[in-house]
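These notes are about the structure you will find just below.
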Amino acid sequence: MKKAALCSLEEIRVRLNRPLMVKDARGFSFLSREGQPSLPQHGYIVSQDDLQRTLQLVTDNSWYAWEQEIQGGYLTLPGGHRVGIAGQAVYGDGAFKTIKHVSSLNFRQARAVLGAADAIIGEVAPRGGAQIRSTLIVSPPGCGKTTLLRDLARQVANCGFQVVVIDERSEIASCYLGVPQLDVGAQTDILDGYAKEIGVYHALRGLGPQVVVTDEIGHFGDALILSELARSGVKVIATCHGESWEKLKGKSWATDNLAVFELVVILSRRRGPGTIETVLRLDGGT
Amino acid sequence: MGVRDLYIKGLAAGLILFSTGTMGLTVAKSFSQRVHNLRQLITFIQILESEIQFARTTLPNVIAMQAPQFSGEMGRFLSNMSSRLREGRGESFGAVWEQGLQTLALNGLPKPTLEDLRSLGDVLGTSDVTEQTKHLKVLLHRLEQALERADGEREKQTRLWQYLGFSTGLLLCLLLL
């Protein structure tokens, strides 16, 4: 396979005893032994040895070193790329412990889009970045919430604010061995893999943030986190699943929590991922 | 018999004694070397166990960190493995470990110990911390037993081979000259 074609891949799916599959902008296709697109029946069949050696490579021959990540179902590679793992679950003491008999690996290429937040940075950091508005980014899955959030963290940090990213699922900064693989700004501390409730207390006690950035809020426990941040005078930039502002407002979770936010950004895929549909000022104005 | 013949016989006797004595000393030294290698191996496995259990350090990193700390065969075993793992040729860890063991096998590790190490190569790095620790503890136990045996053997055999080397030399001198 040519390097240019390799670089354009979005996903590689390695499934035991099934044909090797890749995804690019045009969609999914199977690959032959020569690395050319092919019909499923002529695709390269992934052997047990292929899968085991791939697994050894992605874990640096050290499965034990990634236990926590494996419990989360994925590994992060240098460059921020992610490998999803499927196999048989092993439980111990009533809790999910690890995965055995791995049968599939899904490689997903990480891509930061620098400038993704250019269109809204003026609203999030008005008056030339002299202040910050707490912002909630809302969209259905796959519309570029995390991409926008990452670029907002970078731009806000570069405006001179002390930013803490609570990266519960390692998707914002994509840390590998503690080092962010994607640019989240020069003045940003990353709490990688922290649960939000722990991350918020660590941030407030030890890191003195002016802005806290986090992904995927929308649980009842988040009310405590958001009110704690508001009480401490810390601004929040967060994402949330939702199809529209009206539907989000109707959720019981929202009544207690949306008051924290001054700005809501609604995204869609109408003109591709990251299409900004609406920017709502909750303190008046649209 | 002339003085010249005496000189030649003396020289020949000296050469025979030197050769057989050196052979005896070399064999005797191999028993000490085996004990030394086993001690180094035990130290490495103990470090590996701690690094896996407490720091979750990856195998290539533990091996790269420890290679300069060991001398002789153990040092070469670790350095060779470290270089091959860093080259990233896509070889399995088991294959790299197996290749490395050939360095250790050159200098008289007991066969059962080599077999234990081969088995470890198949499982090292392939499971969680609890499993890895179990494998390493079993290996450590077996290595300590092997060390005890090798130490006992060294005490008996070292002196035996030293005497044997020189005695054989003397015997040859008496028979031949």
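Residue numbering restarts at 1 in every chain; chains get A, B, ... in the order shown in the structure tokens, and ligands count up from 1 in that same order.
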Please produce, as a Markdown table, a per-residue contact table for chain A versus chain B (criterion: any atom at most 12 Å away, only C-alpha atoms considered), showing the nearest atom pair and its distance in Å to one decimal, sorted by chain then residue number.
```
| residue | atom | partner | partner_atom | distance |
| --- | --- | --- | --- | --- |
| A:Asp49 | CA | B:Ser92 | CA | 9.5 |
| A:Asp50 | CA | B:Gly90 | CA | 10.3 |
| A:Leu51 | CA | B:Ser92 | CA | 11.3 |
| A:Gln52 | CA | B:Ser92 | CA | 8.6 |
| A:Arg53 | CA | B:Ser92 | CA | 6.0 |
| A:Thr54 | CA | B:Gly90 | CA | 8.2 |
| A:Leu55 | CA | B:Thr126 | CA | 9.2 |
| A:Gln56 | CA | B:Ser92 | CA | 7.0 |
| A:Leu57 | CA | B:Gly90 | CA | 6.9 |
| A:Val58 | CA | B:Gly90 | CA | 10.5 |
| A:Thr59 | CA | B:Thr58 | CA | 8.5 |
| A:Asp60 | CA | B:Thr58 | CA | 6.7 |
| A:Asn61 | CA | B:Gly125 | CA | 5.3 |
| A:Ser62 | CA | B:Gly125 | CA | 4.2 |
| A:Trp63 | CA | B:Thr126 | CA | 5.4 |
| A:Tyr64 | CA | B:Asp128 | CA | 4.2 |
| A:Ala65 | CA | B:Arg56 | CA | 4.7 |
| A:Trp66 | CA | B:Arg56 | CA | 8.0 |
| A:Glu67 | CA | B:Asp128 | CA | 6.6 |
| A:Gln68 | CA | B:Asp128 | CA | 10.2 |
| A:Glu69 | CA | B:Asp128 | CA | 11.9 |
| A:Ile70 | CA | B:Asp128 | CA | 10.0 |
| A:Gln71 | CA | B:Asp128 | CA | 11.0 |
| A:Val90 | CA | B:Asp128 | CA | 11.2 |
| A:Gly92 | CA | B:Thr130 | CA | 11.7 |
| A:Lys97 | CA | B:Asp128 | CA | 9.3 |
| A:Thr98 | CA | B:Asp128 | CA | 7.8 |
| A:Ile99 | CA | B:Ser127 | CA | 9.6 |
| A:Lys100 | CA | B:Ser127 | CA | 8.6 |
| A:His101 | CA | B:Ser127 | CA | 10.9 |
| A:Val102 | CA | B:Thr126 | CA | 11.4 |
| A:Leu177 | CA | B:Thr57 | CA | 10.6 |
```
Expected file: the selected residues, N, CA, C and O atoms, as a tab-separated table (two decimals), in the first residue's frame:
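Generated output (again-v3.tsv):
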```tsv
chain	number	residue	atom	x	y	z
A	49	ASP	N	-1.43	-15.70	14.42
A	49	ASP	CA	-0.08	-15.16	14.58
A	49	ASP	C	-0.06	-13.66	14.25
A	49	ASP	O	0.56	-12.87	14.96
A	50	ASP	N	-0.76	-13.25	13.17
A	50	ASP	CA	-0.83	-11.82	12.81
A	50	ASP	C	-1.39	-11.02	13.98
A	50	ASP	O	-0.86	-9.97	14.35
A	51	LEU	N	-2.49	-11.54	14.54
A	51	LEU	CA	-3.18	-10.81	15.61
A	51	LEU	C	-2.30	-10.72	16.85
A	51	LEU	O	-2.17	-9.65	17.46
A	52	GLN	N	-1.66	-11.85	17.20
A	52	GLN	CA	-0.82	-11.86	18.41
A	52	GLN	C	0.37	-10.92	18.26
A	52	GLN	O	0.72	-10.18	19.18
A	53	ARG	N	0.99	-10.95	17.07
A	53	ARG	CA	2.17	-10.09	16.87
A	53	ARG	C	1.76	-8.62	16.84
A	53	ARG	O	2.47	-7.76	17.34
A	54	THR	N	0.62	-8.34	16.26
A	54	THR	CA	0.13	-6.95	16.25
A	54	THR	C	-0.12	-6.49	17.69
A	54	THR	O	0.26	-5.39	18.08
A	55	LEU	N	-0.72	-7.39	18.46
A	55	LEU	CA	-1.03	-7.07	19.85
A	55	LEU	C	0.27	-6.83	20.65
A	55	LEU	O	0.36	-5.91	21.46
A	56	GLN	N	1.28	-7.67	20.38
A	56	GLN	CA	2.56	-7.49	21.07
A	56	GLN	C	3.19	-6.15	20.69
A	56	GLN	O	3.77	-5.48	21.54
A	57	LEU	N	3.04	-5.77	19.41
A	57	LEU	CA	3.62	-4.49	18.97
A	57	LEU	C	2.92	-3.31	19.63
A	57	LEU	O	3.57	-2.39	20.12
A	58	VAL	N	1.57	-3.35	19.68
A	58	VAL	CA	0.86	-2.19	20.22
A	58	VAL	C	0.99	-2.10	21.74
A	58	VAL	O	0.88	-1.01	22.31
A	59	THR	N	1.25	-3.24	22.40
A	59	THR	CA	1.42	-3.19	23.86
A	59	THR	C	2.90	-3.12	24.25
A	59	THR	O	3.23	-3.21	25.42
A	60	ASP	N	3.76	-2.95	23.25
A	60	ASP	CA	5.21	-2.92	23.50
A	60	ASP	C	5.63	-4.20	24.25
A	60	ASP	O	6.40	-4.14	25.21
A	61	ASN	N	5.08	-5.31	23.86
A	61	ASN	CA	5.36	-6.63	24.45
A	61	ASN	C	5.04	-6.68	25.94
A	61	ASN	O	5.63	-7.46	26.68
A	62	SER	N	4.17	-5.83	26.41
A	62	SER	CA	3.94	-5.72	27.85
A	62	SER	C	2.45	-5.47	28.13
A	62	SER	O	2.06	-4.36	28.50
A	63	TRP	N	1.66	-6.51	28.00
A	63	TRP	CA	0.21	-6.40	28.23
A	63	TRP	C	-0.08	-5.81	29.60
A	63	TRP	O	-0.97	-4.98	29.78
A	64	TYR	N	0.70	-6.27	30.61
A	64	TYR	CA	0.47	-5.84	32.00
A	64	TYR	C	0.59	-4.34	32.19
A	64	TYR	O	0.02	-3.77	33.11
A	65	ALA	N	1.40	-3.69	31.32
A	65	ALA	CA	1.65	-2.25	31.50
A	65	ALA	C	0.42	-1.42	31.09
A	65	ALA	O	0.39	-0.22	31.35
A	66	TRP	N	-0.56	-2.05	30.46
A	66	TRP	CA	-1.70	-1.29	29.93
A	66	TRP	C	-3.01	-1.76	30.54
A	66	TRP	O	-4.08	-1.58	29.95
A	67	GLU	N	-2.92	-2.39	31.71
A	67	GLU	CA	-4.12	-2.98	32.32
A	67	GLU	C	-5.28	-2.00	32.43
A	67	GLU	O	-6.42	-2.31	32.11
A	68	GLN	N	-4.95	-0.78	32.91
A	68	GLN	CA	-6.01	0.21	33.12
A	68	GLN	C	-6.67	0.58	31.80
A	68	GLN	O	-7.90	0.64	31.71
A	69	GLU	N	-5.84	0.77	30.77
A	69	GLU	CA	-6.38	1.12	29.45
A	69	GLU	C	-7.19	-0.04	28.89
A	69	GLU	O	-8.25	0.17	28.30
A	70	ILE	N	-6.68	-1.26	29.06
A	70	ILE	CA	-7.38	-2.44	28.52
A	70	ILE	C	-8.74	-2.59	29.20
A	70	ILE	O	-9.72	-2.94	28.56
A	71	GLN	N	-8.79	-2.26	30.50
A	71	GLN	CA	-10.09	-2.29	31.19
A	71	GLN	C	-11.06	-1.31	30.55
A	71	GLN	O	-12.27	-1.51	30.58
A	90	VAL	N	-12.96	-10.99	31.21
A	90	VAL	CA	-12.60	-11.74	32.42
A	90	VAL	C	-13.01	-10.90	33.62
A	90	VAL	O	-12.62	-9.73	33.72
A	92	GLY	N	-13.25	-10.48	37.86
A	92	GLY	CA	-12.66	-10.93	39.12
A	92	GLY	C	-13.20	-10.07	40.23
A	92	GLY	O	-13.30	-8.84	40.07
A	97	LYS	N	-12.12	-7.26	34.72
A	97	LYS	CA	-10.70	-7.26	35.05
A	97	LYS	C	-9.83	-7.08	33.81
A	97	LYS	O	-8.99	-6.19	33.75
A	98	THR	N	-10.06	-7.93	32.83
A	98	THR	CA	-9.23	-7.82	31.62
A	98	THR	C	-9.94	-8.51	30.44
A	98	THR	O	-11.07	-8.97	30.57
A	99	ILE	N	-9.23	-8.55	29.31
A	99	ILE	CA	-9.78	-9.21	28.11
A	99	ILE	C	-8.85	-10.36	27.75
A	99	ILE	O	-7.64	-10.18	27.72
A	100	LYS	N	-9.43	-11.54	27.52
A	100	LYS	CA	-8.58	-12.64	27.03
A	100	LYS	C	-9.10	-13.09	25.66
A	100	LYS	O	-10.18	-12.67	25.25
A	101	HIS	N	-8.35	-13.93	25.00
A	101	HIS	CA	-8.70	-14.42	23.66
A	101	HIS	C	-9.10	-13.25	22.76
A	101	HIS	O	-10.23	-13.19	22.24
A	102	VAL	N	-8.19	-12.32	22.61
A	102	VAL	CA	-8.48	-11.13	21.79
A	102	VAL	C	-8.78	-11.58	20.36
A	102	VAL	O	-8.07	-12.39	19.78
A	177	LEU	N	1.94	7.61	27.61
A	177	LEU	CA	2.89	7.63	28.72
A	177	LEU	C	2.93	9.02	29.36
A	177	LEU	O	3.99	9.56	29.66
```
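When the distance limit is 6 Å and only C-alpha atoms are what count, the residues near stretch 222-234 of chain A, minus those fewer than 5 positions from it on the same chain, are Gln210, Val211 and Asn257 of chain A.
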Per DSSP on the backbone, filter stretch 4-249 of chain A down to the residues in strand (DSSP E) and report them as a PyMOL selection string. chain A and resi 11-15+21-24+27-31+37-38+74-76+82-92+95-108+135-139+163-167+175-176+179-180+188-192+211-217+235-241
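For the pair atom CA of B:Phe18 and atom CA of B:Gly72, the interatomic distance is 26.3 Å.
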Close residues, A:Val236 itself excluded, 7 Å, only C-alpha atoms, min 2 positions apart in chain, as a ChimeraX atom specification: /A:134-135,211-213,234,238
Please produce an output containing all heavy atoms for each residue in the selection, written as a short mmCIF file (atom, residue, chain, number, x, y, z; two decimals), in the first residue's frame.
```
data_model
loop_
_atom_site.label_atom_id
_atom_site.label_comp_id
_atom_site.auth_asym_id
_atom_site.auth_seq_id
_atom_site.Cartn_x
_atom_site.Cartn_y
_atom_site.Cartn_z
N SER A 134 -18.15 30.38 30.08
CA SER A 134 -18.36 28.94 30.23
C SER A 134 -19.20 28.46 29.05
O SER A 134 -20.25 29.04 28.75
CB SER A 134 -19.08 28.64 31.55
OG SER A 134 -18.17 28.76 32.60
N THR A 135 -18.72 27.41 28.39
CA THR A 135 -19.31 27.01 27.10
C THR A 135 -19.67 25.53 27.09
O THR A 135 -18.89 24.70 27.55
CB THR A 135 -18.30 27.30 25.96
OG1 THR A 135 -17.95 28.67 26.02
CG2 THR A 135 -18.86 26.96 24.60
N VAL A 211 -9.69 27.85 33.78
CA VAL A 211 -10.68 27.18 32.93
C VAL A 211 -10.50 25.67 33.05
O VAL A 211 -9.36 25.19 33.01
CB VAL A 211 -10.48 27.58 31.44
CG1 VAL A 211 -11.53 26.93 30.55
CG2 VAL A 211 -10.50 29.09 31.26
N VAL A 212 -11.61 24.95 33.22
CA VAL A 212 -11.55 23.49 33.21
C VAL A 212 -12.25 22.99 31.95
O VAL A 212 -13.35 23.45 31.62
CB VAL A 212 -12.21 22.88 34.47
CG1 VAL A 212 -12.51 21.40 34.28
CG2 VAL A 212 -11.31 23.07 35.68
N VAL A 213 -11.57 22.11 31.23
CA VAL A 213 -12.12 21.57 29.98
C VAL A 213 -12.38 20.08 30.19
O VAL A 213 -11.50 19.36 30.67
CB VAL A 213 -11.11 21.77 28.82
CG1 VAL A 213 -11.57 21.05 27.57
CG2 VAL A 213 -10.91 23.25 28.54
N VAL A 234 -14.32 29.15 38.60
CA VAL A 234 -13.59 28.58 37.46
C VAL A 234 -14.56 28.40 36.29
O VAL A 234 -15.68 27.92 36.47
CB VAL A 234 -12.97 27.21 37.85
CG1 VAL A 234 -12.29 26.55 36.65
CG2 VAL A 234 -11.99 27.39 38.99
N ALA A 238 -17.21 22.37 28.11
CA ALA A 238 -17.53 20.94 28.13
C ALA A 238 -18.35 20.56 26.91
O ALA A 238 -18.86 21.42 26.19
CB ALA A 238 -18.32 20.62 29.41
#
```
Within 12 Å of stretch 133-138 of chain B, counting only C-alpha atoms, which residues qualify if same-chain residues fewer than 4 places away don't, as a ChimeraX atom specification? /A:64 /B:41-54,56,113,116-117,119-129,142-145
Name all residues at most 10 Å from stretch 143-148 of chain A (count only C-alpha atoms; drop same-chain ones fewer than 6 positions away) and give them as a VMD selection string. chain A and resid 110 to 118 120 136 to 137 154 171 to 173 214 to 216 238 to 241 265 to 270 272 to 276
Hey, can you spit out that residue selection with C-alpha atoms as a tab-separated table (two decimals), in the first residue's frame?
```tsv
chain	number	residue	atom	x	y	z
A	110	ALA	CA	-6.11	10.56	15.57
A	111	ARG	CA	-6.29	13.86	13.80
A	112	ALA	CA	-6.22	17.23	15.48
A	113	VAL	CA	-7.83	20.00	13.44
A	114	LEU	CA	-5.94	23.13	14.33
A	115	GLY	CA	-8.23	26.10	13.85
A	116	ALA	CA	-11.44	24.08	14.29
A	117	ALA	CA	-12.56	26.63	16.89
A	118	ASP	CA	-11.60	29.75	14.90
A	120	ILE	CA	-16.32	30.64	17.79
A	136	LEU	CA	-21.27	23.84	26.38
A	137	ILE	CA	-20.81	22.12	23.00
A	154	ARG	CA	-5.52	25.08	22.85
A	171	GLU	CA	-9.66	11.48	23.89
A	172	ILE	CA	-8.91	15.18	24.23
A	173	ALA	CA	-5.12	15.24	24.59
A	214	THR	CA	-13.87	18.19	29.99
A	215	ASP	CA	-15.72	15.85	27.67
A	216	GLU	CA	-19.13	14.17	27.81
A	238	ALA	CA	-17.53	20.94	28.13
A	239	THR	CA	-19.30	18.76	25.60
A	240	CYS	CA	-22.61	16.95	25.85
A	241	HIS	CA	-24.59	14.52	23.67
A	265	VAL	CA	-22.66	25.75	20.64
A	266	ILE	CA	-24.77	23.31	18.61
A	267	LEU	CA	-22.96	21.16	16.03
A	268	SER	CA	-24.15	18.93	13.20
A	269	ARG	CA	-22.75	17.04	10.19
A	270	ARG	CA	-24.83	19.01	7.70
A	272	GLY	CA	-19.43	17.61	7.27
A	273	PRO	CA	-18.33	17.01	10.89
A	274	GLY	CA	-17.90	20.20	12.89
A	275	THR	CA	-20.64	22.23	11.18
A	276	ILE	CA	-21.61	24.97	13.64
```
Please list as number ranges by chain every residue within 8 Å of A:Pro78, counting only C-alpha atoms and excluding residues in the same chain fewer than 3 positions away. A: 81, 176, 181
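Of the residues in stretch 7-140 of chain A, those that DSSP places in alpha helix (DSSP H) on the basis of the backbone are Cys7, Gln48, Asp49, Asp50, Leu51, Gln52, Arg53, Thr54, Leu55, Gln56, Leu57, Val58, Glu67, Gln68, Glu69, Ile70, Gln71, Gly72, Ile121, Gly122, Glu123, Val124, Pro126, Arg127, Gly128 and Gly129 of chain A.
One distance worth recording is that between atom CA of A:Gly43 and atom CA of A:Leu20, which is 6.4 Å.
Counting from atom CA of B:Ala105, the distance to atom CA of B:Met23 is 20.4 Å.
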